[in-house]
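K.L.:
For reference, the structure I am asking about is given below.
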Protein chains: 2
Amino acid sequence: MTENKHVPPHSRSQRARPTMDDVAAVAGVSRGTVSRALNGGHNVSGPALEAVQRAIRKTGYVVNQHARSLVTQRSDSVAFILSEPQDRLFEDPNFNVLLRGCTRALGEHDITLLLTVAGTQEDRKRISRYVTAGHVDGALLVSDHAGSPLLEELKGRTLPVVTCGRPLGHEREISYVAADDRDGARQMVSYLRSRGHRTIATITGPLDTSGGVDRLAGYHDVLGEGDPRLVVSGDYTQASGEAAMEQLLRQAPDIDAVFVCSDLMAAGAIAVLRRVGKRVPDDVAVGGFDDSKVALASTPLLTTIRQPLGRISGEMVRLLLGHIAGEPPAAVILPTELVVRDSA
Amino acid sequence: MTENKHVPPHSRSQRARPTMDDVAAVAGVSRGTVSRALNGGHNVSGPALEAVQRAIRKTGYVVNQHARSLVTQRSDSVAFILSEPQDRLFEDPNFNVLLRGCTRALGEHDITLLLTVAGTQEDRKRISRYVTAGHVDGALLVSDHAGSPLLEELKGRTLPVVTCGRPLGHEREISYVAADDRDGARQMVSYLRSRGHRTIATITGPLDTSGGVDRLAGYHDVLGEGDPRLVVSGDYTQASGEAAMEQLLRQAPDIDAVFVCSDLMAAGAIAVLRRVGKRVPDDVAVGGFDDSKVALASTPLLTTIRQPLGRISGEMVRLLLGHIAGEPPAAVILPTELVVRDSA
DNA sequence: ACCAAGACTGTGAGCGCTCACATTTATGCC
DNA sequence: GGCATAAATGTGAGCGCTCACAGTCTTGGT
């Protein structure tokens, strides 16, 4: 007859990982003491703590996060969800800065940041499932367009979420931190006008994002309704900036200034202006937005609006952690600042 | 006297999430049936399945991944670990392509990819802890330098790992997929020589990566030991390509061709050559490596070696999944191909 | 010497799920 | 109609941890 009583109920391919009980046995203490030693070491005697640490080293023990999370209901990680085609991540330097800031701020609380790129519809579904299944304690949502199914989904699940930029249509329910886009736009357009420019065009961001609509609103705040031919939309990429500038030149050849809602698009616009023989800023002044590193890489140096990206990421993390701890949603608006350089 | 027997043992801040038992109760079936309905629906009758789905919708049930993972020992996610300063991720287009390929390949198996950037030493420690704690089923390790503590750590933990590029010093123990760097280098250098160039220099990658040493080895395969002043190292960035080219020009002004081990560095080298008034390819021919999008953005169009990045990511995923399923480590070397354009 | 207060330790229950097995019910075949 | 077989269901154990609680062992004040 075959001996089968010792077959493990769930056979594993690898040799079994040591558990807390193994450590406890080696250390000659109980499971509870090992657990306490692992979690701050309060109420554990010196010798016991040492024995446990030795045993951990000897057995090569690593905590099983799933077991821990099952009882604590925490995973000590949050998702950084980029709801954009992946290329944007690599083209737009803002994401880079934001990501770095969030990683660092989270790191101070010993929380791991998981970057997920939700480019396709299918990705979005998988990620939504992933984060709502308890894998993460919260989510940082970046660059989400109005009407995105992702936000709807997350909102219904009581998962703490903080967005970067105003979540159009959900300002009341979910936390966000944003730069004061509208005021920044006002500053730039006022500056342009104060320098004597009369025909000021604008290349906006996508109008289903807060950055898009708010900066355009700031433009109109200063200039009134104005000529609709002076307003063209882009999607923040350099290529779209070029296309928009070309269209602007076709529609209104007499413009003497243009407020471009991202530095990257501004770089595209400047390239087009140079191509058609217009001097910047002499013939056409160009103002950007972001103060990213492309503002310093452009010739002439870009006059732009500084977004405090470092503070934004810090506030996003603070808000998210607060939210996870049970605080109600909140919004933070951070001031923007005009940086005058050579392009305007 | 106070009534306290019904206080939940672990009080939660949110209202409790529904569990499978709740769903089972609503659907009028048992927990087991709900579980089966969730996992493929085998051996579940039509009416039962429908009842379960209705109950799930009604209760808003979402599976608790930690509980599931605790028993299955699987998390259905893998980490994509970039062991580089974060900027590299944004500068080097190869990462972009690789990441997209892996995401897609993994997606076909319904596995989520988690991107982690291990820029600092501290990040590395946290990530190492994270992945070994069972959060992920395996790891894709990209651009890891020889002697990296991360690889050592992961290797000791029996976590399935696949690296991109030969893991110097660990070729036997851990899986990897790499392009045939050495042969690619041979192809390029042979081509350069066949076109009549006599003084062929090279700008290598970091010599603690397989790409660095193997491409240099290919160079020597064709040219023999050669003049050490014709060899300068970079770190794959454009800036390092410029610096290396300048040094080369100083050390050996008579070079008539240079094999640059990445397209990005080649772009830097071309910029320097143009700056000093040398024509490409007439005065100095330039060969790149990667066939990334910068090869097509450069003027003149870059003659380069194509790495099959799409296949590389596909093979990495295949190997990793095999590894997770219990297969032994394996290595895959993919052929490279000379792409002749205008720069050489 | 005695007892209260504190420090430390061990124990059992239970987090929410899956899986093997036992059990019930439906189906096919002679 | 009876029986083997398969399909569908329910049940209990257990994944590896944390947490509350109940003990045990020190102390020190009187």
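Following the order of the structure tokens, chains are lettered A, B, ..., residues in each are numbered from 1, and ligands are numbered from 1.
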Residues within 7 Å of segment 27-40 of chain A, please, as a list in words. Count only C-alpha atoms (C1' of nucleotides); anything in the same chain fewer than 3 positions from it doesn't count.

P.N.:
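Those residues are Met20, Asp21, Val23, Ala24, Val44, Leu49, Ala51, Val52 and Ala55 of chain A; DG10 of chain C.
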
K.L.:
May I have the selected residues written with C-alpha atoms (C1' of nucleotides), as a compact mmCIF listing (two decimals), in the first residue's frame?

P.N.:
# COMPACT_ATOMS: atom_id res chain seq x y z
CA MET A 20 7.58 31.94 10.94
CA ASP A 21 7.12 28.66 12.72
CA VAL A 23 12.13 30.51 12.56
CA ALA A 24 10.47 30.16 15.94
CA VAL A 44 10.86 41.34 23.22
CA LEU A 49 15.49 39.27 19.69
CA ALA A 51 18.01 34.55 18.72
CA VAL A 52 15.26 35.43 16.28
CA ALA A 55 17.35 32.19 13.14
C1' DG C 10 2.83 31.44 24.41

K.L.:
Up to 7 Å from chain C, what residues of chain B turn up? Count only C-alpha atoms (C1' of nucleotides) and give them as a PyMOL selection string.

P.N.:
chain B and resi 19+64+67-68+71

K.L.:
Let's have the selection written as a compact mmCIF listing (two decimals), in the first residue's frame, with C-alpha atoms.

P.N.:
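Final output, saved to again.txt:
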# COMPACT_ATOMS: atom_id res chain seq x y z
CA THR B 19 -16.44 38.16 0.94
CA ASN B 64 -9.21 39.46 -2.19
CA ALA B 67 -6.23 35.49 0.40
CA ARG B 68 -6.10 33.89 -2.99
CA VAL B 71 -3.13 29.54 -0.99

K.L.:
Report as a Markdown table: every residue of chain D with an atom at most 9 Å from chain B, its closest pair of atoms, and their distance in Å to one decimal, counting only C-alpha atoms (C1' of nucleotides), with rows sorted by chain and ascending residue number.

P.N.:
| residue | atom | partner | partner_atom | distance |
| --- | --- | --- | --- | --- |
| D:DA7 | C1' | B:Asn43 | CA | 6.6 |
| D:DA8 | C1' | B:Asn43 | CA | 5.9 |
| D:DT9 | C1' | B:Thr33 | CA | 7.0 |
| D:DG10 | C1' | B:Ser30 | CA | 6.3 |
| D:DT11 | C1' | B:Gly32 | CA | 8.7 |
| D:DG14 | C1' | B:Val71 | CA | 8.6 |
| D:DC15 | C1' | B:Val71 | CA | 4.5 |
| D:DG16 | C1' | B:Leu70 | CA | 7.5 |
| D:DC19 | C1' | B:His10 | CA | 7.8 |
| D:DA20 | C1' | B:Pro9 | CA | 8.0 |

K.L.:
Tell me, counting only C-alpha atoms, for each residue of chain B within 7 Å of chain A, which pair of atoms is nearest and how far apart they are in Å to one decimal, in rows ordered by chain and increasing number, as a Markdown table.

P.N.:
| residue | atom | partner | partner_atom | distance |
| --- | --- | --- | --- | --- |
| B:Ser13 | CA | A:Gly326 | CA | 6.7 |
| B:Val62 | CA | A:Ala133 | CA | 6.0 |
| B:Val63 | CA | A:Ala133 | CA | 5.7 |
| B:Asn64 | CA | A:Ala133 | CA | 5.3 |
| B:Gln65 | CA | A:Ala133 | CA | 5.4 |
| B:His66 | CA | A:His66 | CA | 4.7 |
| B:Ala67 | CA | A:Leu70 | CA | 5.8 |
| B:Ser69 | CA | A:His66 | CA | 6.4 |
| B:Leu70 | CA | A:His66 | CA | 5.5 |
| B:Phe90 | CA | A:Phe90 | CA | 5.0 |
| B:Leu114 | CA | A:Leu114 | CA | 5.7 |
| B:Leu115 | CA | A:Leu115 | CA | 4.9 |
| B:Thr116 | CA | A:Leu114 | CA | 6.0 |
| B:Ala133 | CA | A:Asn64 | CA | 5.3 |
| B:Gly134 | CA | A:Asn64 | CA | 6.0 |
| B:His135 | CA | A:Gln65 | CA | 6.6 |
| B:Gly326 | CA | A:Ser13 | CA | 6.1 |

K.L.:
Next, write the just-selected residues to a file, as a PDB file, in the first residue's frame, keeping C-alpha atoms as the atom set.

P.N.:
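Saved result, out_7.pdb, follows:
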ATOM      1  CA  SER B  13     -11.817  51.626   8.967  1.00  0.00           C
ATOM      2  CA  VAL B  62     -14.040  41.877  -5.616  1.00  0.00           C
ATOM      3  CA  VAL B  63     -11.725  38.981  -4.960  1.00  0.00           C
ATOM      4  CA  ASN B  64      -9.206  39.462  -2.185  1.00  0.00           C
ATOM      5  CA  GLN B  65      -5.957  38.794  -3.964  1.00  0.00           C
ATOM      6  CA  HIS B  66      -4.013  38.286  -0.776  1.00  0.00           C
ATOM      7  CA  ALA B  67      -6.233  35.493   0.395  1.00  0.00           C
ATOM      8  CA  SER B  69      -2.361  34.267  -3.322  1.00  0.00           C
ATOM      9  CA  LEU B  70      -1.828  32.877   0.129  1.00  0.00           C
ATOM     10  CA  PHE B  90      13.436  58.201 -20.181  1.00  0.00           C
ATOM     11  CA  LEU B 114       4.826  46.201 -12.455  1.00  0.00           C
ATOM     12  CA  LEU B 115       7.574  48.616 -13.346  1.00  0.00           C
ATOM     13  CA  THR B 116       9.989  49.443 -10.583  1.00  0.00           C
ATOM     14  CA  ALA B 133       8.158  38.779  -0.122  1.00  0.00           C
ATOM     15  CA  GLY B 134       5.996  37.002  -2.669  1.00  0.00           C
ATOM     16  CA  HIS B 135       4.396  40.049  -4.194  1.00  0.00           C
ATOM     17  CA  GLY B 326       9.145  24.941 -12.900  1.00  0.00           C
TER      18      GLY B 326
END

K.L.:
To one decimal place in Å, what is the distance between atom CA of Thr204 of chain B and atom CA of Lys293 of chain A?

P.N.:
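Spanning atom CA of Thr204 of chain B to atom CA of Lys293 of chain A is a straight-line distance of 27.8 Å.
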
K.L.:
For the structure I just gave you, how does DSSP split segment 3-216 of chain B - specifically, which residues are helix (DSSP H, G or I)? Reply as an MDAnalysis selection string.

P.N.:
chainID B and resid 20:27 31:38 46:59 65:72 86:91 93:107 121:135 149:156 181:194 210:216

K.L.:
Would you mind exporting C-alpha atoms of the selected residues as an mmCIF file, in the first residue's frame?

P.N.:
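Saved the output as out_12.cif:
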data_model
loop_
_atom_site.group_PDB
_atom_site.id
_atom_site.type_symbol
_atom_site.label_atom_id
_atom_site.label_comp_id
_atom_site.auth_asym_id
_atom_site.auth_seq_id
_atom_site.Cartn_x
_atom_site.Cartn_y
_atom_site.Cartn_z
ATOM 1 C CA MET B 20 -17.112 35.032 -0.997
ATOM 2 C CA ASP B 21 -19.406 33.841 1.751
ATOM 3 C CA ASP B 22 -21.554 36.920 1.308
ATOM 4 C CA VAL B 23 -21.790 36.229 -2.395
ATOM 5 C CA ALA B 24 -22.580 32.582 -1.725
ATOM 6 C CA ALA B 25 -25.352 33.519 0.671
ATOM 7 C CA VAL B 26 -26.924 35.958 -1.777
ATOM 8 C CA ALA B 27 -26.647 33.503 -4.643
ATOM 9 C CA ARG B 31 -18.561 29.082 -1.142
ATOM 10 C CA GLY B 32 -17.060 26.313 -3.247
ATOM 11 C CA THR B 33 -19.438 26.956 -6.099
ATOM 12 C CA VAL B 34 -18.684 30.647 -6.038
ATOM 13 C CA SER B 35 -14.994 29.860 -6.151
ATOM 14 C CA ARG B 36 -15.454 27.561 -9.120
ATOM 15 C CA ALA B 37 -17.627 30.098 -10.884
ATOM 16 C CA LEU B 38 -14.854 32.627 -10.442
ATOM 17 C CA GLY B 46 -25.870 27.359 -15.843
ATOM 18 C CA PRO B 47 -28.354 28.592 -13.281
ATOM 19 C CA ALA B 48 -25.778 28.519 -10.484
ATOM 20 C CA LEU B 49 -23.311 30.468 -12.564
ATOM 21 C CA GLU B 50 -25.885 33.066 -13.348
ATOM 22 C CA ALA B 51 -26.948 33.366 -9.753
ATOM 23 C CA VAL B 52 -23.358 33.864 -8.713
ATOM 24 C CA GLN B 53 -22.768 36.536 -11.306
ATOM 25 C CA ARG B 54 -25.900 38.339 -10.213
ATOM 26 C CA ALA B 55 -24.816 38.133 -6.597
ATOM 27 C CA ILE B 56 -21.379 39.466 -7.434
ATOM 28 C CA ARG B 57 -22.888 42.442 -9.169
ATOM 29 C CA LYS B 58 -25.323 43.028 -6.357
ATOM 30 C CA THR B 59 -22.769 42.862 -3.569
ATOM 31 C CA GLN B 65 -5.957 38.794 -3.964
ATOM 32 C CA HIS B 66 -4.013 38.286 -0.776
ATOM 33 C CA ALA B 67 -6.233 35.493 0.395
ATOM 34 C CA ARG B 68 -6.098 33.887 -2.994
ATOM 35 C CA SER B 69 -2.361 34.267 -3.322
ATOM 36 C CA LEU B 70 -1.828 32.877 0.129
ATOM 37 C CA VAL B 71 -3.130 29.543 -0.988
ATOM 38 C CA THR B 72 -2.203 29.499 -4.653
ATOM 39 C CA GLN B 86 15.649 56.771 -13.495
ATOM 40 C CA ASP B 87 16.701 59.167 -16.234
ATOM 41 C CA ARG B 88 18.021 56.341 -18.326
ATOM 42 C CA LEU B 89 14.510 55.000 -18.573
ATOM 43 C CA PHE B 90 13.436 58.201 -20.181
ATOM 44 C CA GLU B 91 16.404 58.792 -22.380
ATOM 45 C CA PRO B 93 14.375 54.391 -26.409
ATOM 46 C CA ASN B 94 15.318 50.721 -26.075
ATOM 47 C CA PHE B 95 13.734 50.520 -22.661
ATOM 48 C CA ASN B 96 10.537 51.882 -24.048
ATOM 49 C CA VAL B 97 10.357 49.218 -26.731
ATOM 50 C CA LEU B 98 11.309 46.473 -24.335
ATOM 51 C CA LEU B 99 8.749 47.561 -21.795
ATOM 52 C CA ARG B 100 5.977 47.715 -24.315
ATOM 53 C CA GLY B 101 6.866 44.290 -25.654
ATOM 54 C CA CYS B 102 6.894 42.721 -22.210
ATOM 55 C CA THR B 103 3.635 44.341 -21.189
ATOM 56 C CA ARG B 104 1.935 43.014 -24.264
ATOM 57 C CA ALA B 105 3.361 39.516 -24.028
ATOM 58 C CA LEU B 106 2.449 39.289 -20.362
ATOM 59 C CA GLY B 107 -0.983 40.674 -21.026
ATOM 60 C CA GLN B 121 20.804 51.812 -3.261
ATOM 61 C CA GLU B 122 17.865 52.230 -0.939
ATOM 62 C CA ASP B 123 15.380 51.658 -3.746
ATOM 63 C CA ARG B 124 17.180 48.462 -4.571
ATOM 64 C CA LYS B 125 16.826 47.210 -1.030
ATOM 65 C CA ARG B 126 13.171 48.029 -0.854
ATOM 66 C CA ILE B 127 12.466 46.447 -4.199
ATOM 67 C CA SER B 128 14.427 43.377 -3.325
ATOM 68 C CA ARG B 129 12.357 43.022 -0.199
ATOM 69 C CA TYR B 130 9.196 43.645 -2.137
ATOM 70 C CA VAL B 131 9.736 41.044 -4.798
ATOM 71 C CA THR B 132 11.082 38.367 -2.500
ATOM 72 C CA ALA B 133 8.158 38.779 -0.122
ATOM 73 C CA GLY B 134 5.996 37.002 -2.669
ATOM 74 C CA HIS B 135 4.396 40.049 -4.194
ATOM 75 C CA PRO B 149 23.666 43.322 -5.313
ATOM 76 C CA LEU B 150 20.142 43.019 -6.668
ATOM 77 C CA LEU B 151 20.924 40.000 -8.787
ATOM 78 C CA GLU B 152 22.806 38.297 -5.971
ATOM 79 C CA GLU B 153 19.909 38.859 -3.654
ATOM 80 C CA LEU B 154 17.272 37.601 -6.042
ATOM 81 C CA LYS B 155 19.323 34.591 -6.996
ATOM 82 C CA GLY B 156 19.543 33.458 -3.380
ATOM 83 C CA ASP B 181 26.173 41.363 -29.533
ATOM 84 C CA ARG B 182 29.515 39.912 -30.464
ATOM 85 C CA ASP B 183 28.390 38.849 -33.904
ATOM 86 C CA GLY B 184 26.658 42.157 -34.477
ATOM 87 C CA ALA B 185 29.855 43.977 -33.684
ATOM 88 C CA ARG B 186 31.754 41.688 -36.039
ATOM 89 C CA GLN B 187 29.283 42.421 -38.816
ATOM 90 C CA MET B 188 29.593 46.139 -38.394
ATOM 91 C CA VAL B 189 33.357 46.227 -38.126
ATOM 92 C CA SER B 190 33.769 43.855 -41.074
ATOM 93 C CA TYR B 191 31.473 46.031 -43.111
ATOM 94 C CA LEU B 192 33.415 49.126 -42.176
ATOM 95 C CA ARG B 193 36.647 47.445 -43.200
ATOM 96 C CA SER B 194 35.157 46.130 -46.424
ATOM 97 C CA SER B 210 27.473 42.090 -21.471
ATOM 98 C CA GLY B 211 26.607 44.518 -24.226
ATOM 99 C CA GLY B 212 29.736 46.442 -23.414
ATOM 100 C CA VAL B 213 32.198 43.579 -23.319
ATOM 101 C CA ASP B 214 30.687 41.453 -26.069
ATOM 102 C CA ARG B 215 30.553 44.207 -28.663
ATOM 103 C CA LEU B 216 34.102 45.137 -27.833
#

K.L.:
Just to confirm, what's the straight-line distance from atom CA of Gly196 of chain A to atom CA of Ala344 of chain A in Å (one decimal)?

P.N.:
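Value for the atom CA of Gly196 of chain A-atom CA of Ala344 of chain A distance: 10.8 Å.
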
K.L.:
How many Å separate atom CA of Glu337 of chain A from atom CA of Asp263 of chain A?

P.N.:
14.4 Å

K.L.:
For the structure I just gave you, how does DSSP split segment 28-238 of chain B - specifically, which residues are strand (DSSP E or B)? Reply as number ranges by chain.

P.N.:
B: 77-82, 112-117, 138-142, 161-164, 175-179, 200-204, 231-233

K.L.:
What's around segment 311-313 of chain B at 7 Å? Count only C-alpha atoms (C1' of nucleotides), leave out sequence neighbours fewer than 2 positions away in its own chain, and write the answer as a ChimeraX atom specification.

P.N.:
/B:98,101-102,177-178,308-309,315-317
